[in-house]
file entry.cif (mmCIF, C-alpha atoms)
data_input
loop_
_atom_site.group_PDB
_atom_site.id
_atom_site.type_symbol
_atom_site.label_atom_id
_atom_site.label_comp_id
_atom_site.auth_asym_id
_atom_site.auth_seq_id
_atom_site.Cartn_x
_atom_site.Cartn_y
_atom_site.Cartn_z
ATOM 1 C CA MET V 1 188.278 87.398 129.921
ATOM 2 C CA ASP V 2 187.874 85.462 133.185
ATOM 3 C CA LYS V 3 186.189 87.358 135.976
ATOM 4 C CA ILE V 4 187.995 88.054 139.258
ATOM 5 C CA LYS V 5 186.196 86.116 141.975
ATOM 6 C CA VAL V 6 185.611 88.264 145.070
ATOM 7 C CA MET V 7 184.252 87.446 148.521
ATOM 8 C CA ILE V 8 182.980 90.134 150.900
ATOM 9 C CA VAL V 9 183.421 89.667 154.654
ATOM 10 C CA ASP V 10 181.636 92.230 156.849
ATOM 11 C CA ASP V 11 179.172 91.975 159.729
ATOM 12 C CA HIS V 12 177.006 94.842 158.451
ATOM 13 C CA ASP V 13 174.366 93.766 155.942
ATOM 14 C CA MET V 14 174.181 97.188 154.302
ATOM 15 C CA VAL V 15 177.934 97.314 153.766
ATOM 16 C CA ARG V 16 177.899 93.907 152.061
ATOM 17 C CA LYS V 17 174.899 94.795 149.942
ATOM 18 C CA GLY V 18 176.363 98.159 148.978
ATOM 19 C CA LEU V 19 179.704 96.667 147.980
ATOM 20 C CA LYS V 20 178.040 93.860 146.057
ATOM 21 C CA ALA V 21 175.817 96.297 144.164
ATOM 22 C CA TYR V 22 178.730 98.549 143.250
ATOM 23 C CA LEU V 23 180.999 95.688 142.177
ATOM 24 C CA ALA V 24 178.190 94.305 139.998
ATOM 25 C CA SER V 25 178.836 97.218 137.639
ATOM 26 C CA GLU V 26 182.255 95.772 136.793
ATOM 27 C CA GLN V 27 182.052 93.183 134.045
ATOM 28 C CA THR V 28 185.367 91.609 135.053
ATOM 29 C CA ILE V 29 184.517 91.205 138.762
ATOM 30 C CA GLU V 30 182.171 88.604 140.202
ATOM 31 C CA VAL V 31 181.084 88.517 143.848
ATOM 32 C CA VAL V 32 180.989 84.781 144.517
ATOM 33 C CA GLY V 33 179.882 84.996 148.118
ATOM 34 C CA GLU V 34 179.564 86.862 151.397
ATOM 35 C CA ALA V 35 180.338 86.197 155.048
ATOM 36 C CA LYS V 36 179.172 88.152 158.079
ATOM 37 C CA SER V 37 182.007 87.048 160.364
ATOM 38 C CA GLY V 38 185.577 85.836 160.362
ATOM 39 C CA HIS V 39 184.465 82.385 161.469
ATOM 40 C CA GLN V 40 181.956 82.122 158.655
ATOM 41 C CA ALA V 41 184.563 83.287 156.138
ATOM 42 C CA LEU V 42 186.897 80.503 157.260
ATOM 43 C CA ALA V 43 184.092 77.962 156.954
ATOM 44 C CA ILE V 44 182.977 78.804 153.409
ATOM 45 C CA TYR V 45 185.897 80.362 151.498
ATOM 46 C CA LYS V 46 187.194 77.007 150.221
ATOM 47 C CA ASP V 47 183.864 76.212 148.576
ATOM 48 C CA LEU V 48 183.689 79.699 147.061
ATOM 49 C CA ASN V 49 187.341 79.737 145.971
ATOM 50 C CA PRO V 50 187.620 83.557 145.816
ATOM 51 C CA GLU V 51 190.750 85.129 144.375
ATOM 52 C CA VAL V 52 190.326 88.420 146.260
ATOM 53 C CA ILE V 53 188.686 88.858 149.672
ATOM 54 C CA LEU V 54 187.430 92.178 151.068
ATOM 55 C CA MET V 55 187.875 91.699 154.816
ATOM 56 C CA ASP V 56 186.479 93.794 157.644
ATOM 57 C CA LEU V 57 188.515 93.759 160.866
ATOM 58 C CA ILE V 58 186.156 94.185 163.810
ATOM 59 C CA MET V 59 183.205 91.793 163.698
ATOM 60 C CA ASP V 60 180.933 90.277 166.333
ATOM 61 C CA ASP V 61 181.898 86.682 165.635
ATOM 62 C CA GLY V 62 185.616 86.328 164.891
ATOM 63 C CA ASN V 63 187.833 89.210 163.817
ATOM 64 C CA GLY V 64 189.352 89.814 160.406
ATOM 65 C CA ILE V 65 192.944 89.348 161.522
ATOM 66 C CA GLU V 66 192.272 85.794 162.717
ATOM 67 C CA ALA V 67 190.366 85.059 159.511
ATOM 68 C CA THR V 68 193.168 86.520 157.385
ATOM 69 C CA LYS V 69 195.742 84.316 159.094
ATOM 70 C CA GLY V 70 193.549 81.236 158.814
ATOM 71 C CA ILE V 71 192.769 81.719 155.133
ATOM 72 C CA LEU V 72 196.356 82.467 154.136
ATOM 73 C CA ASP V 73 197.679 79.506 156.128
ATOM 74 C CA GLU V 74 195.553 77.196 154.003
ATOM 75 C CA SER V 75 195.441 79.248 150.804
ATOM 76 C CA PRO V 76 198.601 81.394 150.466
ATOM 77 C CA GLN V 77 197.632 82.456 146.942
ATOM 78 C CA SER V 78 194.530 84.298 148.200
ATOM 79 C CA LYS V 79 194.692 88.089 148.067
ATOM 80 C CA ILE V 80 193.125 89.780 151.090
ATOM 81 C CA ILE V 81 192.211 93.462 151.172
ATOM 82 C CA ILE V 82 191.438 94.861 154.609
ATOM 83 C CA LEU V 83 188.474 97.239 154.355
ATOM 84 C CA THR V 84 187.770 98.799 157.723
ATOM 85 C CA SER V 85 187.047 101.959 159.688
ATOM 86 C CA TYR V 86 190.072 101.426 161.941
ATOM 87 C CA TYR V 87 193.637 102.557 161.382
ATOM 88 C CA ASP V 88 195.173 102.548 164.864
ATOM 89 C CA ASP V 89 198.362 100.618 165.620
ATOM 90 C CA ARG V 90 196.454 97.751 167.271
ATOM 91 C CA GLN V 91 194.768 96.980 163.959
ATOM 92 C CA VAL V 92 197.194 98.077 161.237
ATOM 93 C CA PHE V 93 200.330 96.182 162.235
ATOM 94 C CA PRO V 94 198.684 92.830 163.078
ATOM 95 C CA ALA V 95 196.711 92.942 159.812
ATOM 96 C CA ILE V 96 199.814 93.573 157.706
ATOM 97 C CA GLU V 97 201.767 90.965 159.655
ATOM 98 C CA ALA V 98 198.930 88.486 159.061
ATOM 99 C CA GLY V 99 199.605 88.809 155.335
ATOM 100 C CA ALA V 100 196.932 91.221 154.095
ATOM 101 C CA MET V 101 197.723 92.426 150.571
ATOM 102 C CA SER V 102 196.177 95.885 150.985
ATOM 103 C CA TYR V 103 194.638 98.074 153.696
ATOM 104 C CA LEU V 104 191.838 100.502 152.861
ATOM 105 C CA LEU V 105 189.518 102.567 155.013
ATOM 106 C CA LYS V 106 185.768 102.486 154.476
ATOM 107 C CA THR V 107 185.970 106.133 153.478
ATOM 108 C CA ALA V 108 187.544 104.915 150.217
ATOM 109 C CA SER V 109 185.482 105.510 147.094
ATOM 110 C CA GLY V 110 183.983 102.683 145.097
ATOM 111 C CA ASP V 111 186.488 103.308 142.313
ATOM 112 C CA GLU V 112 189.355 103.076 144.797
ATOM 113 C CA ILE V 113 188.074 99.735 146.056
ATOM 114 C CA ILE V 114 187.728 98.408 142.511
ATOM 115 C CA GLU V 115 191.244 99.582 141.660
ATOM 116 C CA ALA V 116 192.548 97.842 144.784
ATOM 117 C CA ILE V 117 190.858 94.602 143.702
ATOM 118 C CA TYR V 118 192.490 94.733 140.272
ATOM 119 C CA LYS V 119 195.868 95.527 141.784
ATOM 120 C CA ALA V 120 195.579 92.796 144.418
ATOM 121 C CA HIS V 121 194.747 90.325 141.668
ATOM 122 C CA ARG V 122 198.009 91.355 139.980
ATOM 123 C CA GLY V 123 199.910 91.036 143.252
ATOM 124 C CA LYS V 124 200.234 94.756 143.954
ATOM 125 C CA ASN V 125 199.569 96.471 147.283
ATOM 126 C CA VAL V 126 197.342 99.440 147.975
ATOM 127 C CA ILE V 127 197.712 101.150 151.345
ATOM 128 C CA ASP V 128 195.558 104.067 152.474
ATOM 129 C CA GLY V 129 197.593 107.222 153.084
ATOM 130 C CA LYS V 130 196.789 107.406 156.804
ATOM 131 C CA VAL V 131 197.696 103.759 157.232
ATOM 132 C CA ALA V 132 200.941 104.232 155.307
ATOM 133 C CA GLN V 133 201.912 107.010 157.713
ATOM 134 C CA LYS V 134 201.312 104.622 160.613
ATOM 135 C CA LEU V 135 203.510 101.994 159.007
ATOM 136 C CA VAL V 136 206.354 104.435 158.316
ATOM 137 C CA ALA V 137 206.172 105.841 161.854
ATOM 138 C CA GLY V 138 206.160 102.322 163.250
ATOM 139 C CA VAL V 139 209.253 101.310 161.287
ATOM 140 C CA ARG V 140 211.137 104.391 162.391
ATOM 141 C CA HIS V 141 210.133 103.835 165.980
ATOM 142 C CA THR V 142 211.242 100.224 165.846
ATOM 143 C CA LEU V 143 214.686 101.122 164.522
ATOM 144 C CA HIS V 144 215.840 103.098 167.549
ATOM 145 C CA ASP V 145 213.987 100.767 169.903
ATOM 146 C CA GLN V 146 216.683 98.231 169.048
ATOM 147 C CA LEU V 147 219.437 100.353 170.581
ATOM 148 C CA THR V 148 220.919 99.292 173.911
ATOM 149 C CA SER V 149 221.300 101.843 176.696
ATOM 150 C CA ARG V 150 225.045 102.087 175.969
ATOM 151 C CA GLU V 151 224.412 102.591 172.253
ATOM 152 C CA ARG V 152 222.004 105.396 173.093
ATOM 153 C CA GLU V 153 224.749 107.049 175.130
ATOM 154 C CA VAL V 154 227.147 106.728 172.217
ATOM 155 C CA LEU V 155 224.537 108.055 169.789
ATOM 156 C CA GLN V 156 223.941 111.091 171.991
ATOM 157 C CA LEU V 157 227.660 111.869 171.983
ATOM 158 C CA ILE V 158 227.776 111.399 168.206
ATOM 159 C CA ALA V 159 224.908 113.875 167.943
ATOM 160 C CA GLU V 160 226.942 116.292 170.078
ATOM 161 C CA GLY V 161 229.734 116.057 167.501
ATOM 162 C CA LYS V 162 232.253 114.047 169.543
ATOM 163 C CA ASN V 163 234.718 111.763 167.771
ATOM 164 C CA ASN V 164 235.550 108.208 168.830
ATOM 165 C CA ALA V 165 238.418 109.231 171.097
ATOM 166 C CA GLN V 166 236.265 111.795 172.900
ATOM 167 C CA ILE V 167 233.447 109.279 173.290
ATOM 168 C CA ALA V 168 235.866 106.724 174.718
ATOM 169 C CA GLU V 169 237.167 109.268 177.205
ATOM 170 C CA THR V 170 233.668 110.413 178.217
ATOM 171 C CA LEU V 171 232.329 106.898 178.776
ATOM 172 C CA PHE V 172 235.598 105.417 180.115
ATOM 173 C CA ILE V 173 235.722 102.699 177.475
ATOM 174 C CA GLY V 174 238.243 101.719 174.808
ATOM 175 C CA ILE V 175 238.222 103.163 171.305
ATOM 176 C CA LYS V 176 237.774 99.672 169.864
ATOM 177 C CA THR V 177 234.623 99.287 171.959
ATOM 178 C CA VAL V 178 233.376 102.669 170.741
ATOM 179 C CA LYS V 179 233.908 101.595 167.127
ATOM 180 C CA THR V 180 231.908 98.437 167.780
ATOM 181 C CA HIS V 181 229.047 100.472 169.248
ATOM 182 C CA VAL V 182 229.134 102.970 166.374
ATOM 183 C CA SER V 183 229.015 100.170 163.807
ATOM 184 C CA SER V 184 226.064 98.587 165.606
ATOM 185 C CA ILE V 185 224.232 101.927 165.755
ATOM 186 C CA PHE V 186 224.673 102.468 162.016
ATOM 187 C CA SER V 187 223.350 98.992 161.312
ATOM 188 C CA LYS V 188 220.297 99.283 163.589
ATOM 189 C CA LEU V 189 219.332 102.763 162.387
ATOM 190 C CA GLU V 190 220.030 101.841 158.758
ATOM 191 C CA VAL V 191 222.381 104.793 158.252
ATOM 192 C CA THR V 192 225.866 104.924 156.741
ATOM 193 C CA ASP V 193 227.684 107.681 158.615
ATOM 194 C CA ARG V 194 227.790 109.815 161.767
ATOM 195 C CA THR V 195 225.937 112.709 160.172
ATOM 196 C CA GLN V 196 222.986 110.526 159.215
ATOM 197 C CA ALA V 197 222.950 109.029 162.702
ATOM 198 C CA ALA V 198 222.902 112.502 164.272
ATOM 199 C CA VAL V 199 220.132 113.657 161.933
ATOM 200 C CA TYR V 200 218.077 110.571 162.827
ATOM 201 C CA ALA V 201 218.505 111.325 166.539
ATOM 202 C CA PHE V 202 217.366 114.929 166.121
ATOM 203 C CA GLN V 203 214.446 114.061 163.817
ATOM 204 C CA HIS V 204 213.115 111.569 166.344
ATOM 205 C CA HIS V 205 213.742 113.800 169.372
ATOM 206 C CA LEU V 206 215.754 111.095 171.116
ATOM 207 C CA PHE V 207 217.588 113.588 173.299
ATOM 208 C CA ASP V 208 216.837 116.949 174.873
#
call {"tool": "encode", "arguments": {"input": "entry.cif", "output": "structure tokens"}}
result
Amino acid sequence: MDKIKVMIVDDHDMVRKGLKAYLASEQTIEVVGEAKSGHQALAIYKDLNPEVILMDLIMDDGNGIEATKGILDESPQSKIIILTSYYDDRQVFPAIEAGAMSYLLKTASGDEIIEAIYKAHRGKNVIDGKVAQKLVAGVRHTLHDQLTSREREVLQLIAEGKNNAQIAETLFIGIKTVKTHVSSIFSKLEVTDRTQAAVYAFQHHLFD
């Protein structure tokens, strides 16, 4: 069975050595190289031809997000696993948007990292639980961020239980206009009826 070629990118020597030593116990994984910065990773990955890359995010010389983008631009088939201590919005969303296959925290066990490598090689994602919560919260936040000020007014009245005629009367607009706003609200919030829209509004504390 062919070994999975792995490259480790991290600016801490002990982290690289520790990962390399642990991965050496797996007969089907081969660490083909290391890089201590994003810039170095970009310079050597083609020669190493790794299938899976363990990528740190915050490094002294070039960050992991830039390296992830650069590698995937030139080698879209590469599978990149973010392995970092950071899981705030400033790191999570750009890393996922850059094309990272998986996102793990350095608190992950060795077995979890090995499992992530196997899954990445098969094209499957692994996302740390805390990071997944960030992603879900971000998606939900983005949904209602799309609403216009008028649509928010309509949504508030929907949440108060008003029908289209009552909304039209309250906002001094035509019923046809109300229907257009309601349809747009459903689409943006990814709901199918007024009840779901009202529940969304209450769950996200959009109104007092």
call {"tool": "resolve_selection", "arguments": {"input": "entry.cif", "expression": "the PyMOL selection byres ((chain V and resi 122) around 12)", "output": "list in words"}}
result
Ile4, Glu51, Val52, Gln77, Ser78, Lys79, Met101, Glu115, Ala116, Ile117, Tyr118, Lys119, Ala120, His121, Gly123, Lys124, Asn125 and Val126 of chain V
call {"tool": "resolve_selection", "arguments": {"input": "entry.cif", "expression": "the PyMOL selection byres ((chain V and resi 16) around 12)", "output": "PyMOL selection string"}}
result
chain V and resi 6-15+17-23+31+33-37+54-56+83+106
call {"tool": "atom_distance", "arguments": {"input": "entry.cif", "atom1": "CA of Glu74 (chain V)", "atom2": "CA of Val92 (chain V)"}}
result
22.2 Å
call {"tool": "resolve_selection", "arguments": {"input": "entry.cif", "expression": "the PyMOL selection byres ((chain V and resi 57) around 8)", "output": "list in words"}}
result
Met55, Asp56, Ile58, Met59, Asn63, Gly64, Ile65, Ile82, Leu83, Thr84, Tyr86 and Gln91 of chain V
call {"tool": "atom_distance", "arguments": {"input": "entry.cif", "atom1": "CA of Asp2 (chain V)", "atom2": "CA of Leu72 (chain V)"}}
result
22.8 Å
call {"tool": "build_atoms", "arguments": {"input": "entry.cif", "residues": "region 59-70 of chain V", "atoms": "all heavy atoms", "output": "short mmCIF file (atom, residue, chain, number, x, y, z; two decimals), keeping the file's coordinate frame"}}
result
data_model
loop_
_atom_site.label_atom_id
_atom_site.label_comp_id
_atom_site.auth_asym_id
_atom_site.auth_seq_id
_atom_site.Cartn_x
_atom_site.Cartn_y
_atom_site.Cartn_z
N MET V 59 184.51 92.41 163.91
CA MET V 59 183.20 91.79 163.70
C MET V 59 182.77 91.07 164.97
O MET V 59 183.60 90.73 165.82
CB MET V 59 183.27 90.81 162.52
CG MET V 59 183.51 91.49 161.19
SD MET V 59 183.73 90.35 159.80
CE MET V 59 185.46 89.88 160.02
N ASP V 60 181.47 90.87 165.11
CA ASP V 60 180.93 90.28 166.33
C ASP V 60 181.43 88.85 166.57
O ASP V 60 181.69 88.44 167.69
CB ASP V 60 179.39 90.27 166.29
CG ASP V 60 178.82 91.67 166.37
OD1 ASP V 60 179.54 92.56 166.90
OD2 ASP V 60 177.70 91.89 165.91
N ASP V 61 181.56 88.10 165.50
CA ASP V 61 181.90 86.68 165.64
C ASP V 61 183.19 86.38 164.88
O ASP V 61 183.18 85.96 163.74
CB ASP V 61 180.75 85.82 165.08
CG ASP V 61 181.04 84.33 165.21
OD1 ASP V 61 181.89 83.97 166.03
OD2 ASP V 61 180.43 83.54 164.48
N GLY V 62 184.33 86.59 165.53
CA GLY V 62 185.62 86.33 164.89
C GLY V 62 186.12 87.54 164.14
O GLY V 62 185.43 88.10 163.29
N ASN V 63 187.33 88.00 164.48
CA ASN V 63 187.83 89.21 163.82
C ASN V 63 188.57 88.90 162.51
O ASN V 63 188.93 87.77 162.22
CB ASN V 63 188.72 90.03 164.77
CG ASN V 63 190.03 89.35 165.09
OD1 ASN V 63 190.77 88.93 164.20
ND2 ASN V 63 190.34 89.23 166.37
N GLY V 64 188.77 89.96 161.73
CA GLY V 64 189.35 89.81 160.41
C GLY V 64 190.80 89.39 160.41
O GLY V 64 191.27 88.77 159.45
N ILE V 65 191.53 89.74 161.46
CA ILE V 65 192.94 89.35 161.52
C ILE V 65 193.07 87.83 161.66
O ILE V 65 193.87 87.19 160.97
CB ILE V 65 193.65 90.07 162.69
CG1 ILE V 65 193.71 91.58 162.41
CG2 ILE V 65 195.07 89.51 162.89
CD1 ILE V 65 194.22 92.40 163.56
N GLU V 66 192.26 87.26 162.55
CA GLU V 66 192.27 85.79 162.72
C GLU V 66 191.85 85.10 161.42
O GLU V 66 192.45 84.10 161.02
CB GLU V 66 191.33 85.39 163.85
CG GLU V 66 191.79 85.85 165.23
CD GLU V 66 190.73 85.63 166.30
OE1 GLU V 66 189.56 85.35 165.91
OE2 GLU V 66 191.04 85.74 167.48
N ALA V 67 190.83 85.64 160.77
CA ALA V 67 190.37 85.06 159.51
C ALA V 67 191.43 85.17 158.42
O ALA V 67 191.64 84.24 157.64
CB ALA V 67 189.08 85.75 159.07
N THR V 68 192.10 86.32 158.37
CA THR V 68 193.17 86.52 157.38
C THR V 68 194.27 85.49 157.57
O THR V 68 194.72 84.86 156.60
CB THR V 68 193.75 87.95 157.50
OG1 THR V 68 192.73 88.90 157.17
CG2 THR V 68 194.93 88.14 156.57
N LYS V 69 194.71 85.31 158.81
CA LYS V 69 195.74 84.32 159.09
C LYS V 69 195.28 82.92 158.70
O LYS V 69 196.03 82.17 158.05
CB LYS V 69 196.09 84.33 160.59
CG LYS V 69 196.88 85.54 161.05
CD LYS V 69 197.16 85.44 162.55
CE LYS V 69 197.94 86.64 163.06
NZ LYS V 69 198.16 86.56 164.53
N GLY V 70 194.06 82.57 159.09
CA GLY V 70 193.55 81.24 158.81
C GLY V 70 193.44 80.94 157.33
O GLY V 70 193.82 79.86 156.86
#
